[in-house]
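Engineer: Input input_17.txt, format and content: compact mmCIF, C-alpha atoms.
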# COMPACT_ATOMS: atom_id res chain seq x y z
CA MET A 1 19.19 17.93 -14.47
CA LEU A 2 16.18 15.82 -15.30
CA LYS A 3 16.04 12.22 -14.18
CA SER A 4 15.48 9.57 -16.81
CA SER A 5 11.84 9.07 -15.76
CA GLN A 6 11.20 12.82 -15.91
CA GLN A 7 12.76 12.99 -19.35
CA LYS A 8 10.45 10.21 -20.53
CA LEU A 9 7.44 12.02 -19.15
CA LEU A 10 8.47 15.24 -20.77
CA HIS A 11 9.15 13.42 -24.02
CA ALA A 12 5.70 11.85 -23.96
CA ALA A 13 4.03 15.14 -23.16
CA VAL A 14 5.86 16.93 -25.97
CA ILE A 15 4.97 14.22 -28.47
CA THR A 16 1.37 14.23 -27.40
CA THR A 17 1.09 17.98 -27.56
CA ALA A 18 2.76 18.12 -30.97
CA LEU A 19 0.50 15.45 -32.40
CA LEU A 20 -2.58 17.08 -31.09
CA THR A 21 -1.54 20.54 -32.15
CA ALA A 22 -1.06 19.28 -35.69
CA SER A 23 -4.61 18.00 -35.76
CA ALA A 24 -6.17 20.72 -33.67
CA VAL A 25 -8.84 21.42 -36.21
CA GLN A 26 -10.49 18.04 -35.67
CA ALA A 27 -11.28 16.40 -32.37
CA ALA A 28 -8.82 13.61 -31.73
CA GLU A 29 -8.91 10.34 -29.86
CA LEU A 30 -5.87 9.36 -27.83
CA VAL A 31 -5.37 5.91 -26.31
CA VAL A 32 -4.18 5.86 -22.70
CA ASP A 33 -3.16 2.36 -21.65
CA GLN A 34 -3.19 1.08 -18.09
CA HIS A 35 -0.04 -0.96 -17.94
CA ASN A 36 1.90 -2.09 -14.85
CA LYS A 37 -0.44 0.13 -12.81
CA THR A 38 0.65 3.24 -14.71
CA PHE A 39 -0.87 5.41 -17.42
CA VAL A 40 0.96 4.87 -20.69
CA VAL A 41 0.76 6.81 -23.95
CA GLU A 42 2.63 5.51 -26.97
CA GLY A 43 4.77 3.28 -24.77
CA ASN A 44 5.77 5.98 -22.30
CA LYS A 45 4.54 6.45 -18.75
CA VAL A 46 2.66 9.73 -18.42
CA GLU A 47 1.55 11.70 -15.40
CA ALA A 48 0.44 14.77 -17.35
CA ILE A 49 -0.85 15.25 -20.87
CA THR A 50 -2.32 18.13 -22.84
CA ILE A 51 -5.27 17.78 -25.19
CA HIS A 52 -7.79 20.10 -26.82
CA VAL A 53 -11.44 20.79 -26.13
CA GLY A 54 -13.52 18.09 -27.80
CA ASP A 55 -10.79 15.46 -27.72
CA THR A 56 -11.47 11.97 -26.40
CA LEU A 57 -9.27 9.79 -24.23
CA ARG A 58 -9.71 6.05 -24.61
CA PHE A 59 -8.63 4.29 -21.40
CA ARG A 60 -7.54 0.73 -22.24
CA ASN A 61 -6.73 -1.86 -19.59
CA ASP A 62 -3.61 -3.84 -20.39
CA ASP A 63 -3.14 -5.32 -16.92
CA PRO A 64 -4.32 -8.78 -15.81
CA PHE A 65 -6.53 -7.23 -13.12
CA PHE A 66 -9.34 -4.68 -13.03
CA HIS A 67 -8.94 -0.92 -13.11
CA ASN A 68 -11.53 1.75 -12.35
CA ILE A 69 -10.71 5.11 -13.89
CA PHE A 70 -12.46 8.16 -12.49
CA SER A 71 -12.25 11.89 -11.88
CA LEU A 72 -13.84 14.02 -9.21
CA SER A 73 -12.57 17.26 -10.76
CA ASP A 74 -15.20 19.97 -11.10
CA LEU A 75 -14.38 20.42 -14.76
CA LYS A 76 -15.14 16.82 -15.69
CA THR A 77 -16.54 14.36 -13.17
CA PHE A 78 -16.79 10.76 -14.33
CA ASP A 79 -16.59 7.17 -13.11
CA LEU A 80 -15.88 4.60 -15.81
CA GLY A 81 -16.53 1.69 -13.46
CA SER A 82 -14.28 -1.34 -13.27
CA PHE A 83 -13.16 -3.05 -16.44
CA PRO A 84 -10.77 -5.96 -17.11
CA LYS A 85 -7.81 -6.53 -19.38
CA GLY A 86 -8.55 -5.94 -23.02
CA GLN A 87 -11.49 -3.61 -22.47
CA SER A 88 -11.51 0.15 -22.91
CA LYS A 89 -13.79 3.08 -22.12
CA THR A 90 -13.81 6.62 -23.45
CA VAL A 91 -14.22 10.11 -22.03
CA THR A 92 -14.65 13.26 -24.11
CA PHE A 93 -13.35 16.48 -22.60
CA ASP A 94 -15.62 19.36 -23.58
CA LYS A 95 -14.31 22.23 -21.46
CA ALA A 96 -10.92 23.88 -21.07
CA GLY A 97 -9.08 23.46 -17.80
CA MET A 98 -7.34 20.78 -15.76
CA VAL A 99 -8.76 17.40 -14.83
CA GLU A 100 -7.23 14.98 -12.32
CA VAL A 101 -7.65 11.36 -13.40
CA GLU A 102 -7.04 8.41 -11.10
CA CYS A 103 -7.68 4.71 -10.72
CA ALA A 104 -9.95 4.12 -7.72
CA ILE A 105 -8.50 0.68 -7.05
CA HIS A 106 -4.85 1.72 -7.48
CA PRO A 107 -4.48 5.35 -6.36
CA GLU A 108 -0.81 5.41 -7.36
CA MET A 109 -2.19 5.75 -10.89
CA TYR A 110 -2.63 9.50 -11.24
CA MET A 111 -2.61 11.75 -14.27
CA GLU A 112 -3.33 15.42 -14.93
CA VAL A 113 -5.14 16.17 -18.16
CA THR A 114 -4.83 19.76 -19.30
CA VAL A 115 -7.56 20.64 -21.79
CA LYS A 116 -6.86 23.67 -24.00
CA MET B 1 18.53 -12.84 -14.10
CA LYS B 2 17.93 -15.67 -11.69
CA THR B 3 15.81 -18.71 -12.32
CA HIS B 4 14.47 -21.08 -9.72
CA PRO B 5 15.05 -24.79 -10.15
CA THR B 6 11.82 -26.02 -8.59
CA LEU B 7 9.14 -23.71 -9.93
CA THR B 8 7.07 -25.32 -12.64
CA ARG B 9 6.69 -23.89 -16.11
CA THR B 10 3.05 -23.03 -15.37
CA ALA B 11 3.93 -21.17 -12.21
CA ARG B 12 6.64 -19.26 -14.05
CA LYS B 13 4.11 -18.07 -16.57
CA VAL B 14 1.78 -16.92 -13.83
CA LEU B 15 4.66 -15.37 -11.97
CA PHE B 16 5.32 -13.31 -15.06
CA ILE B 17 1.86 -11.82 -14.62
CA ALA B 18 2.61 -11.18 -10.96
CA CYS B 19 5.78 -9.34 -11.83
CA LEU B 20 3.87 -6.93 -13.99
CA GLY B 21 2.48 -5.16 -10.97
CA ALA B 22 5.68 -3.71 -9.61
CA ALA B 23 8.25 -3.72 -12.36
CA ALA B 24 9.20 -0.56 -14.17
CA SER B 25 10.12 -2.35 -17.36
CA SER B 26 7.34 -3.34 -19.69
CA VAL B 27 9.15 -6.46 -20.82
CA GLN B 28 10.21 -9.13 -18.39
CA ALA B 29 11.24 -12.71 -18.86
CA ALA B 30 9.03 -15.35 -17.27
CA GLU B 31 11.78 -16.34 -14.85
CA ASP B 32 12.34 -12.85 -13.46
CA TYR B 33 11.72 -12.89 -9.71
CA SER B 34 12.89 -9.36 -9.07
CA SER B 35 9.52 -8.04 -7.96
CA PHE B 36 9.49 -10.54 -5.07
CA LEU B 37 12.97 -9.71 -3.77
CA ARG B 38 13.22 -7.48 -0.74
CA PRO B 39 14.57 -4.04 -1.67
CA ALA B 40 18.04 -3.23 -0.40
CA GLU B 41 17.10 0.26 0.72
CA ILE B 42 14.23 1.88 2.58
CA PRO B 43 12.49 4.70 0.68
CA GLN B 44 12.75 8.03 2.48
CA PRO B 45 11.79 11.61 1.64
CA ASP B 46 14.46 14.18 0.84
CA ASN B 47 13.26 16.46 3.65
CA ASN B 48 13.44 13.75 6.31
CA ARG B 49 16.34 11.42 5.66
CA ILE B 50 16.88 8.56 8.09
CA THR B 51 19.64 9.21 10.66
CA THR B 52 20.47 7.47 13.92
CA ALA B 53 19.48 10.53 15.97
CA ARG B 54 16.11 10.77 14.25
CA THR B 55 15.44 7.05 14.56
CA GLU B 56 16.31 7.05 18.27
CA LEU B 57 14.15 10.10 18.93
CA GLY B 58 11.30 8.55 16.98
CA LYS B 59 11.61 5.38 19.02
CA MET B 60 11.46 7.37 22.27
CA LEU B 61 8.29 9.09 21.13
CA PHE B 62 6.80 5.85 19.80
CA PHE B 63 7.05 4.08 23.15
CA ASP B 64 6.28 7.10 25.35
CA PRO B 65 2.76 6.94 26.85
CA ARG B 66 2.94 10.67 27.55
CA LEU B 67 2.11 11.20 23.89
CA SER B 68 -1.50 10.43 24.81
CA GLY B 69 -3.88 12.68 26.70
CA SER B 70 -4.14 10.11 29.46
CA ASN B 71 -0.34 9.63 29.61
CA TRP B 72 -1.19 5.94 29.46
CA ILE B 73 -1.29 4.96 25.78
CA SER B 74 1.74 4.99 23.52
CA CYS B 75 1.93 4.23 19.80
CA GLY B 76 3.46 0.93 20.90
CA THR B 77 0.39 0.07 22.98
CA CYS B 78 -1.48 -0.83 19.80
CA HIS B 79 1.50 -1.31 17.49
CA ASN B 80 3.15 -3.83 19.77
CA PRO B 81 6.38 -5.36 18.37
CA THR B 82 5.70 -8.60 20.27
CA LEU B 83 2.42 -8.98 18.37
CA GLY B 84 3.62 -8.31 14.84
CA TRP B 85 3.44 -4.53 15.43
CA SER B 86 -0.30 -4.89 15.98
CA ASP B 87 -2.32 -5.69 19.12
CA GLY B 88 -3.84 -9.15 18.72
CA LEU B 89 -7.34 -7.69 19.05
CA PRO B 90 -10.21 -7.81 16.52
CA THR B 91 -10.44 -4.03 16.64
CA ALA B 92 -8.32 -1.52 18.52
CA ILE B 93 -8.93 -0.19 22.02
CA GLY B 94 -8.34 3.51 22.45
CA HIS B 95 -8.84 6.33 24.93
CA GLY B 96 -10.89 5.38 27.99
CA MET B 97 -10.87 1.71 26.91
CA GLY B 98 -13.20 2.59 24.05
CA VAL B 99 -13.40 -0.10 21.39
CA LEU B 100 -12.70 1.30 17.93
CA GLY B 101 -14.22 0.21 14.63
CA ARG B 102 -11.16 -1.00 12.80
CA ALA B 103 -8.32 -3.40 13.50
CA THR B 104 -4.88 -2.04 14.31
CA PRO B 105 -2.85 -2.51 11.12
CA THR B 106 0.73 -3.68 11.42
CA ILE B 107 3.24 -0.94 10.78
CA LEU B 108 5.68 -3.39 9.23
CA ASN B 109 6.89 -2.10 5.84
CA THR B 110 4.77 1.04 5.91
CA ALA B 111 7.81 2.78 4.41
CA TYR B 112 6.89 1.11 1.13
CA GLN B 113 3.24 2.18 1.17
CA PRO B 114 2.29 5.43 -0.57
CA LEU B 115 -0.94 5.80 1.42
CA GLN B 116 -1.41 5.17 5.13
CA PHE B 117 -4.36 3.98 7.26
CA TRP B 118 -6.94 1.37 6.19
CA ASP B 119 -8.68 4.02 4.08
CA GLY B 120 -5.50 5.62 2.75
CA ARG B 121 -6.33 9.07 4.06
CA ALA B 122 -2.70 10.02 4.80
CA ARG B 123 -0.29 10.46 1.90
CA SER B 124 2.87 10.10 4.00
CA LEU B 125 4.06 8.60 7.25
CA GLU B 126 4.66 12.13 8.51
CA LYS B 127 0.97 12.94 8.00
CA GLN B 128 -0.10 9.60 9.47
CA ALA B 129 2.04 9.81 12.57
CA VAL B 130 0.22 12.69 14.24
CA GLY B 131 -3.29 11.49 13.38
CA PRO B 132 -3.87 8.89 16.13
CA ILE B 133 -2.17 11.10 18.73
CA GLN B 134 -4.86 13.76 18.31
CA ALA B 135 -7.86 11.53 17.53
CA ALA B 136 -10.32 11.73 20.42
CA GLY B 137 -11.06 8.01 20.34
CA GLU B 138 -7.44 6.96 20.10
CA MET B 139 -4.77 8.85 22.07
CA ASN B 140 -6.86 11.97 22.70
CA GLN B 141 -3.93 14.37 22.97
CA ASN B 142 -3.88 18.11 22.39
CA MET B 143 -0.87 18.81 20.21
CA ASP B 144 -0.07 22.17 21.81
CA GLU B 145 -0.12 20.50 25.21
CA LEU B 146 2.13 17.73 23.96
CA VAL B 147 4.68 20.21 22.63
CA LYS B 148 4.71 21.92 26.04
CA GLU B 149 5.11 18.63 27.89
CA LEU B 150 8.00 17.48 25.73
CA SER B 151 9.66 20.91 25.80
CA ALA B 152 9.76 20.77 29.59
CA LEU B 153 12.04 17.74 29.50
CA LYS B 154 15.76 18.32 28.91
CA GLY B 155 16.17 14.81 27.55
CA TYR B 156 13.71 15.57 24.77
CA ARG B 157 15.08 19.05 24.12
CA ASP B 158 18.53 17.54 23.56
CA ALA B 159 17.20 14.65 21.46
CA PHE B 160 15.21 16.97 19.18
CA GLU B 161 18.21 19.28 18.79
CA ASP B 162 20.41 16.33 17.85
CA ALA B 163 17.86 15.00 15.37
CA TYR B 164 16.58 18.25 13.86
CA PRO B 165 19.07 21.02 14.72
CA GLY B 166 17.41 24.42 15.02
CA GLU B 167 13.93 23.14 14.18
CA GLY B 168 12.71 22.91 17.77
CA ILE B 169 9.98 20.72 19.25
CA THR B 170 6.92 21.16 17.08
CA GLU B 171 4.13 19.06 15.60
CA LYS B 172 6.24 18.88 12.46
CA THR B 173 9.38 17.54 14.13
CA ILE B 174 7.34 15.12 16.25
CA ALA B 175 5.78 13.82 13.05
CA LYS B 176 9.11 13.58 11.27
CA ALA B 177 10.77 11.67 14.10
CA LEU B 178 7.90 9.21 14.47
CA ALA B 179 7.79 8.69 10.71
CA THR B 180 11.52 8.02 10.65
CA TYR B 181 11.26 5.33 13.31
CA GLU B 182 8.29 3.73 11.58
CA ARG B 183 10.23 3.72 8.32
CA THR B 184 12.94 1.58 9.90
CA ILE B 185 10.45 -1.16 10.86
CA VAL B 186 10.86 -3.43 7.87
CA SER B 187 10.50 -7.12 7.26
CA THR B 188 13.44 -9.46 7.70
CA GLU B 189 14.46 -12.41 5.57
CA SER B 190 11.89 -15.19 5.46
CA PRO B 191 12.07 -18.79 4.21
CA PHE B 192 10.33 -17.57 1.05
CA ASP B 193 13.07 -14.98 0.45
CA ARG B 194 15.78 -17.60 0.77
CA TRP B 195 13.87 -19.92 -1.55
CA VAL B 196 13.42 -17.21 -4.16
CA LYS B 197 17.17 -16.62 -4.07
CA GLY B 198 17.73 -20.27 -4.88
CA GLU B 199 17.85 -22.18 -1.57
CA THR B 200 15.72 -25.06 -2.74
CA HIS B 201 14.96 -26.42 0.72
CA ALA B 202 14.40 -23.11 2.48
CA MET B 203 10.63 -23.44 2.01
CA SER B 204 8.71 -26.69 2.46
CA LYS B 205 7.22 -28.54 -0.51
CA GLN B 206 3.77 -27.71 0.83
CA ALA B 207 4.62 -24.00 0.94
CA GLN B 208 5.99 -24.19 -2.61
CA GLN B 209 2.70 -25.73 -3.71
CA GLY B 210 0.96 -22.93 -1.87
CA PHE B 211 2.97 -20.39 -3.84
CA GLU B 212 1.68 -21.96 -7.05
CA VAL B 213 -1.89 -21.72 -5.75
CA PHE B 214 -1.16 -18.13 -4.72
CA LEU B 215 -0.04 -17.27 -8.24
CA GLY B 216 -2.64 -19.29 -10.08
CA LYS B 217 -5.91 -20.83 -8.98
CA GLY B 218 -6.08 -18.82 -5.77
CA ARG B 219 -5.84 -15.48 -7.64
CA CYS B 220 -4.18 -13.99 -4.55
CA VAL B 221 -1.45 -12.32 -6.58
CA LEU B 222 -3.96 -10.10 -8.37
CA CYS B 223 -3.96 -7.89 -5.27
CA HIS B 224 -1.10 -9.24 -3.14
CA GLY B 225 1.67 -8.91 -5.74
CA GLY B 226 5.23 -7.63 -5.42
CA PHE B 227 7.83 -8.02 -2.65
CA ASN B 228 5.50 -6.53 -0.04
CA PHE B 229 2.61 -8.70 -1.21
CA THR B 230 0.25 -5.77 -1.71
CA ASP B 231 -0.91 -3.70 -4.65
CA ASN B 232 -1.30 -0.73 -2.28
CA GLY B 233 -4.84 -0.67 -3.64
CA PHE B 234 -8.36 -0.74 -2.21
CA HIS B 235 -10.86 -3.59 -2.48
CA ASN B 236 -14.25 -4.59 -1.10
CA LEU B 237 -13.84 -8.21 -0.02
CA GLY B 238 -17.49 -8.85 0.80
CA LEU B 239 -17.27 -9.24 4.57
CA LYS B 240 -20.48 -10.01 6.46
CA ASN B 241 -22.25 -7.45 8.63
CA ASP B 242 -19.89 -4.62 7.82
CA ASP B 243 -21.22 -1.15 7.03
CA ASP B 244 -17.90 0.69 7.27
CA PRO B 245 -17.61 2.87 4.12
CA GLY B 246 -13.82 2.45 4.06
CA ARG B 247 -12.07 4.26 1.22
CA TYR B 248 -15.40 5.69 0.06
CA GLY B 249 -15.13 8.11 2.97
CA ILE B 250 -12.11 9.61 1.23
CA ARG B 251 -13.02 9.16 -2.44
CA LYS B 252 -16.68 9.13 -3.41
CA VAL B 253 -16.41 6.51 -6.15
CA LYS B 254 -18.87 3.61 -6.12
CA ILE B 255 -16.36 0.80 -6.24
CA LEU B 256 -14.76 2.14 -3.07
CA LYS B 257 -17.81 1.60 -0.85
CA GLY B 258 -16.58 -0.87 1.73
CA ALA B 259 -13.12 -1.01 0.16
CA PHE B 260 -9.99 -1.10 2.30
CA LYS B 261 -6.29 -1.05 1.62
CA THR B 262 -4.62 -4.34 0.74
CA PRO B 263 -2.37 -5.19 3.70
CA THR B 264 1.09 -6.68 3.37
CA LEU B 265 1.35 -10.44 3.81
CA ARG B 266 4.84 -10.17 5.27
CA ASP B 267 4.74 -11.62 8.82
CA VAL B 268 1.00 -12.15 8.37
CA GLU B 269 1.22 -15.20 10.62
CA LEU B 270 1.97 -12.82 13.51
CA THR B 271 -0.85 -10.33 13.01
CA ALA B 272 -4.09 -12.23 13.75
CA PRO B 273 -6.99 -11.50 13.86
CA TYR B 274 -7.39 -10.63 10.20
CA MET B 275 -9.27 -8.22 7.93
CA HIS B 276 -9.97 -4.54 8.64
CA ASN B 277 -12.57 -5.48 11.24
CA GLY B 278 -10.78 -8.48 12.74
CA ALA B 279 -13.49 -10.82 11.47
CA TYR B 280 -11.28 -13.89 11.22
CA LYS B 281 -9.09 -15.44 13.90
CA THR B 282 -6.98 -17.65 11.66
CA LEU B 283 -5.45 -17.70 8.19
CA GLU B 284 -7.53 -20.81 7.50
CA GLU B 285 -10.70 -18.75 8.02
CA VAL B 286 -9.34 -16.07 5.73
CA VAL B 287 -8.65 -18.59 2.97
CA ASP B 288 -12.16 -20.01 3.40
CA HIS B 289 -13.57 -16.52 2.93
CA TYR B 290 -11.75 -16.06 -0.36
CA ASN B 291 -12.64 -19.60 -1.42
CA ARG B 292 -16.31 -18.68 -1.04
CA GLY B 293 -15.71 -15.61 -3.16
CA GLY B 294 -16.76 -13.36 -0.30
CA ASP B 295 -20.12 -13.22 1.46
CA THR B 296 -21.75 -9.83 0.92
CA LYS B 297 -21.74 -9.25 -2.81
CA ASP B 298 -23.53 -5.97 -3.44
CA ASN B 299 -20.31 -4.04 -4.12
CA LEU B 300 -17.81 -6.86 -4.32
CA ASP B 301 -14.40 -6.23 -5.86
CA PRO B 302 -14.48 -7.63 -9.42
CA ASN B 303 -11.35 -9.69 -8.78
CA MET B 304 -13.26 -11.73 -6.17
CA GLN B 305 -14.87 -15.01 -7.28
CA PRO B 306 -15.36 -18.53 -5.87
CA LEU B 307 -12.07 -20.40 -6.11
CA HIS B 308 -13.04 -24.06 -5.67
CA LEU B 309 -9.82 -24.86 -3.82
CA SER B 310 -9.37 -28.36 -2.41
CA ALA B 311 -8.54 -28.90 1.26
CA SER B 312 -4.97 -29.64 0.23
CA GLU B 313 -4.70 -26.43 -1.80
CA LYS B 314 -6.09 -24.36 1.06
CA ALA B 315 -3.64 -25.91 3.51
CA SER B 316 -0.73 -25.28 1.15
CA LEU B 317 -1.76 -21.65 0.78
CA VAL B 318 -1.63 -21.20 4.54
CA ALA B 319 1.77 -22.93 4.63
CA PHE B 320 3.01 -20.50 2.00
CA MET B 321 1.79 -17.47 3.94
CA LYS B 322 3.55 -18.78 7.03
CA ALA B 323 6.74 -19.03 4.98
CA LEU B 324 6.59 -15.22 4.69
CA THR B 325 7.43 -14.83 8.38
CA GLY B 326 10.81 -13.16 8.75
CA GLU B 327 13.56 -13.87 11.23
CA PRO B 328 12.87 -12.27 14.62
CA ALA B 329 14.18 -8.71 14.77
CA PRO B 330 14.98 -7.80 18.38
CA VAL B 331 13.69 -4.40 19.46
CA THR B 332 15.65 -2.55 22.11
CA LEU B 333 13.46 -0.29 24.18
CA PRO B 334 14.48 3.33 24.79
CA ARG B 335 15.06 4.93 28.18
CA LEU B 336 12.58 7.79 28.33
CA PRO B 337 13.45 11.23 29.77
CA ILE B 338 11.89 12.02 33.13
CA GLU B 339 13.34 15.48 33.47
Let me see the file written as structure tokens.
Structural biologist:
Amino acid sequence: MLKSSQQKLLHAAVITTALLTASAVQAAELVVDQHNKTFVVEGNKVEAITIHVGDTLRFRNDDPFFHNIFSLSDLKTFDLGSFPKGQSKTVTFDKAGMVEVECAIHPEMYMEVTVK
Amino acid sequence: MKTHPTLTRTARKVLFIACLGAAASSVQAAEDYSSFLRPAEIPQPDNNRITTARTELGKMLFFDPRLSGSNWISCGTCHNPTLGWSDGLPTAIGHGMGVLGRATPTILNTAYQPLQFWDGRARSLEKQAVGPIQAAGEMNQNMDELVKELSALKGYRDAFEDAYPGEGITEKTIAKALATYERTIVSTESPFDRWVKGETHAMSKQAQQGFEVFLGKGRCVLCHGGFNFTDNGFHNLGLKNDDDPGRYGIRKVKILKGAFKTPTLRDVELTAPYMHNGAYKTLEEVVDHYNRGGDTKDNLDPNMQPLHLSASEKASLVAFMKALTGEPAPVTLPRLPIE
């Protein structure tokens, strides 16, 4: 039986996938908030999302302190630098595969991005 | 939901920001103090639940100098319960009296930390526990030799069997027992805890003012939020003459050059000297450092900035930190097997 938090994650992942599948023809932009030191999509905490090649994630800081989103994955290496509340930065994913995304300052913030 | 009678409206608003760090809910009232309350239970992994037998075995191992290659250094040599589970030294002393590069961190409340060591290189207490034992500069022990030494002692054979039936004496069970004991070393109730629960006079007026500085002008809460007064994050604080790469040695991201894990402030009064390199002897010196906004600024954490605190505000901040000291928790020492 899934725990409540797992159900929320699954729910968010399903929603995200469905939305993106519906608009698979065009590259999409999805907002990923940093809120309470978690990654949040459409109000739900996410630890894994699925997007399509060419899609862009917009990382938006909603916390009263800095975050620094990065990935050292071979598929997509990036370092967005530190940015404060209210600011956002984007990353476009141009290859299929899996990318691990973290916050350098708060390593509890971890998310797997599957690019199809 | 509990409100506190003496906290000002301004502090409540700032406290709301502080609560954001640890709370699961996205919506909290300004008066919610839940993120500062000590948790009722200690987190523990499903594959290594806390039992009395495991805790007692872990304690034996923790205080046994035979865990080191020299048979002279125990975990408790550096993590000394009479010195706030640290050693009172600027940086640790290891095998052969060698002086190490980093301060001994307290092990108080490590159960609540997802990453261990100053640079966060261990993702569990089980992984942390066997690191210093085998590090050449620290306890300099060969794990295979240690397993043989412990296996030769009936007292340990019985204790391992009681704690982990059928699993034997292995690196894994040594790690699990040590981790279990470490997990039980948690902070006790402090004047701040009693004050948060509503005992108006449990914390001095000066300490209460310090809490307001902590939440507001001092910006301390940006990194030292939540009940354990840490964001479990990594920050470069701009210390002088320090070329230690810190977390950058684990994650090659620019902001992590010279960044170290935010330590708990619980019992901080007992764990001098301070900072990862023991640069400061007193909490007053630490506050002065933050008030300057750090010294070396080439990769300074963006949350750091000059604070312009008055002498009174700095003193109140120190008083507040001292109000985080818990009641003494007596430690009974184990009787170690000799055969």
Engineer: I'd like the interatomic distance between atom CA of Asn232 of chain B and atom CA of Val113 of chain A, to a tenth of an Å.
Structural biologist: 23.5 Å
Engineer: Would you compute the distance between atom CA of Glu199 of chain B and atom CA of His224 of chain B? Give it in Å to one decimal.
Structural biologist: 23.0 Å
Engineer: Using only C-alpha atoms, find each residue in segment 261-307 of chain B having at least one atom no more than 12 Å away from segment 96-107 of chain A; report its shortest atom-to-atom pair and that distance in Å (one decimal), rows by chain then rising number, as JSON lines.
Structural biologist:
{"residue": "B:Lys261", "atom": "CA", "partner": "A:Ile105", "partner_atom": "CA", "distance": 9.1}
{"residue": "B:Thr262", "atom": "CA", "partner": "A:Ile105", "partner_atom": "CA", "distance": 10.0}
{"residue": "B:Asp301", "atom": "CA", "partner": "A:Ile105", "partner_atom": "CA", "distance": 9.2}
{"residue": "B:Pro302", "atom": "CA", "partner": "A:Ile105", "partner_atom": "CA", "distance": 10.5}
{"residue": "B:Asn303", "atom": "CA", "partner": "A:Ile105", "partner_atom": "CA", "distance": 10.9}
Engineer: Give me, as JSON lines, each residue of chain A that comes within 10 Å of chain B, together with its shortest interatomic pair and the distance in Å at one decimal, counting all atoms listed in the file, with rows ordered by chain and rising residue number.
Structural biologist:
{"residue": "A:His35", "atom": "CA", "partner": "B:Ser26", "partner_atom": "CA", "distance": 7.9}
{"residue": "A:Asn36", "atom": "CA", "partner": "B:Gly21", "partner_atom": "CA", "distance": 5.0}
{"residue": "A:Lys37", "atom": "CA", "partner": "B:Gly21", "partner_atom": "CA", "distance": 6.3}
{"residue": "A:Thr38", "atom": "CA", "partner": "B:Ala24", "partner_atom": "CA", "distance": 9.4}
{"residue": "A:Gly43", "atom": "CA", "partner": "B:Ser26", "partner_atom": "CA", "distance": 8.7}
{"residue": "A:Asn44", "atom": "CA", "partner": "B:Ser26", "partner_atom": "CA", "distance": 9.8}
{"residue": "A:Lys45", "atom": "CA", "partner": "B:Ala24", "partner_atom": "CA", "distance": 9.6}
{"residue": "A:Asp63", "atom": "CA", "partner": "B:Leu20", "partner_atom": "CA", "distance": 7.8}
{"residue": "A:Pro64", "atom": "CA", "partner": "B:Ile17", "partner_atom": "CA", "distance": 7.0}
{"residue": "A:Phe65", "atom": "CA", "partner": "B:Leu222", "partner_atom": "CA", "distance": 6.1}
{"residue": "A:Phe66", "atom": "CA", "partner": "B:Asn303", "partner_atom": "CA", "distance": 6.9}
{"residue": "A:His67", "atom": "CA", "partner": "B:Pro302", "partner_atom": "CA", "distance": 9.5}
{"residue": "A:Asn68", "atom": "CA", "partner": "B:Ile255", "partner_atom": "CA", "distance": 7.8}
{"residue": "A:Ile69", "atom": "CA", "partner": "B:Val253", "partner_atom": "CA", "distance": 9.7}
{"residue": "A:Phe70", "atom": "CA", "partner": "B:Val253", "partner_atom": "CA", "distance": 7.6}
{"residue": "A:Ser71", "atom": "CA", "partner": "B:Val253", "partner_atom": "CA", "distance": 8.9}
{"residue": "A:Leu72", "atom": "CA", "partner": "B:Lys252", "partner_atom": "CA", "distance": 8.1}
{"residue": "A:Phe78", "atom": "CA", "partner": "B:Val253", "partner_atom": "CA", "distance": 9.2}
{"residue": "A:Asp79", "atom": "CA", "partner": "B:Val253", "partner_atom": "CA", "distance": 7.0}
{"residue": "A:Leu80", "atom": "CA", "partner": "B:Val253", "partner_atom": "CA", "distance": 9.9}
{"residue": "A:Gly81", "atom": "CA", "partner": "B:Ile255", "partner_atom": "CA", "distance": 7.3}
{"residue": "A:Ser82", "atom": "CA", "partner": "B:Pro302", "partner_atom": "CA", "distance": 7.4}
{"residue": "A:Phe83", "atom": "CA", "partner": "B:Pro302", "partner_atom": "CA", "distance": 8.5}
{"residue": "A:Pro84", "atom": "CA", "partner": "B:Pro302", "partner_atom": "CA", "distance": 8.7}
{"residue": "A:Cys103", "atom": "CA", "partner": "B:Gly233", "partner_atom": "CA", "distance": 9.3}
{"residue": "A:Ala104", "atom": "CA", "partner": "B:Leu256", "partner_atom": "CA", "distance": 7.0}
{"residue": "A:Ile105", "atom": "CA", "partner": "B:Phe234", "partner_atom": "CA", "distance": 5.0}
{"residue": "A:His106", "atom": "CA", "partner": "B:Gly233", "partner_atom": "CA", "distance": 4.5}
{"residue": "A:Pro107", "atom": "CA", "partner": "B:Gly233", "partner_atom": "CA", "distance": 6.6}
{"residue": "A:Glu108", "atom": "CA", "partner": "B:Pro114", "partner_atom": "CA", "distance": 7.5}
Engineer: So which residues touch Val186 of chain B within 12 Å, counting all atoms listed in the file, skipping near sequence neighbours fewer than 3 positions away, as an MDAnalysis selection string?
Structural biologist: chainID B and resid 38:43 81 84:85 106:113 180:183 189 227:228 264 266:267 325:329 331
Engineer: Please indicate the distance in Å from atom CA of Pro165 of chain B to atom CA of Thr77 of chain B, rounded to one decimal place.
Structural biologist: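 Interatomic distance, atom CA of Pro165 of chain B to atom CA of Thr77 of chain B: 29.3 Å.
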Engineer: From the list B:Thr82, B:Gln206, B:Thr271, B:Asn277, which residue is nearest Trp118 of chain B when using all atoms listed in the file?
Structural biologist: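 Of the candidates, the smallest distance to Trp118 of chain B is held by B:Asn277.
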Engineer: Skipping near chain neighbours, those fewer than 2 positions away, what residues fall within 9 Å of Gln128 of chain B using all atoms listed in the file, listed as a PyMOL selection string?
Structural biologist: chain B and resi 115-117+121-126+130-132+175+179
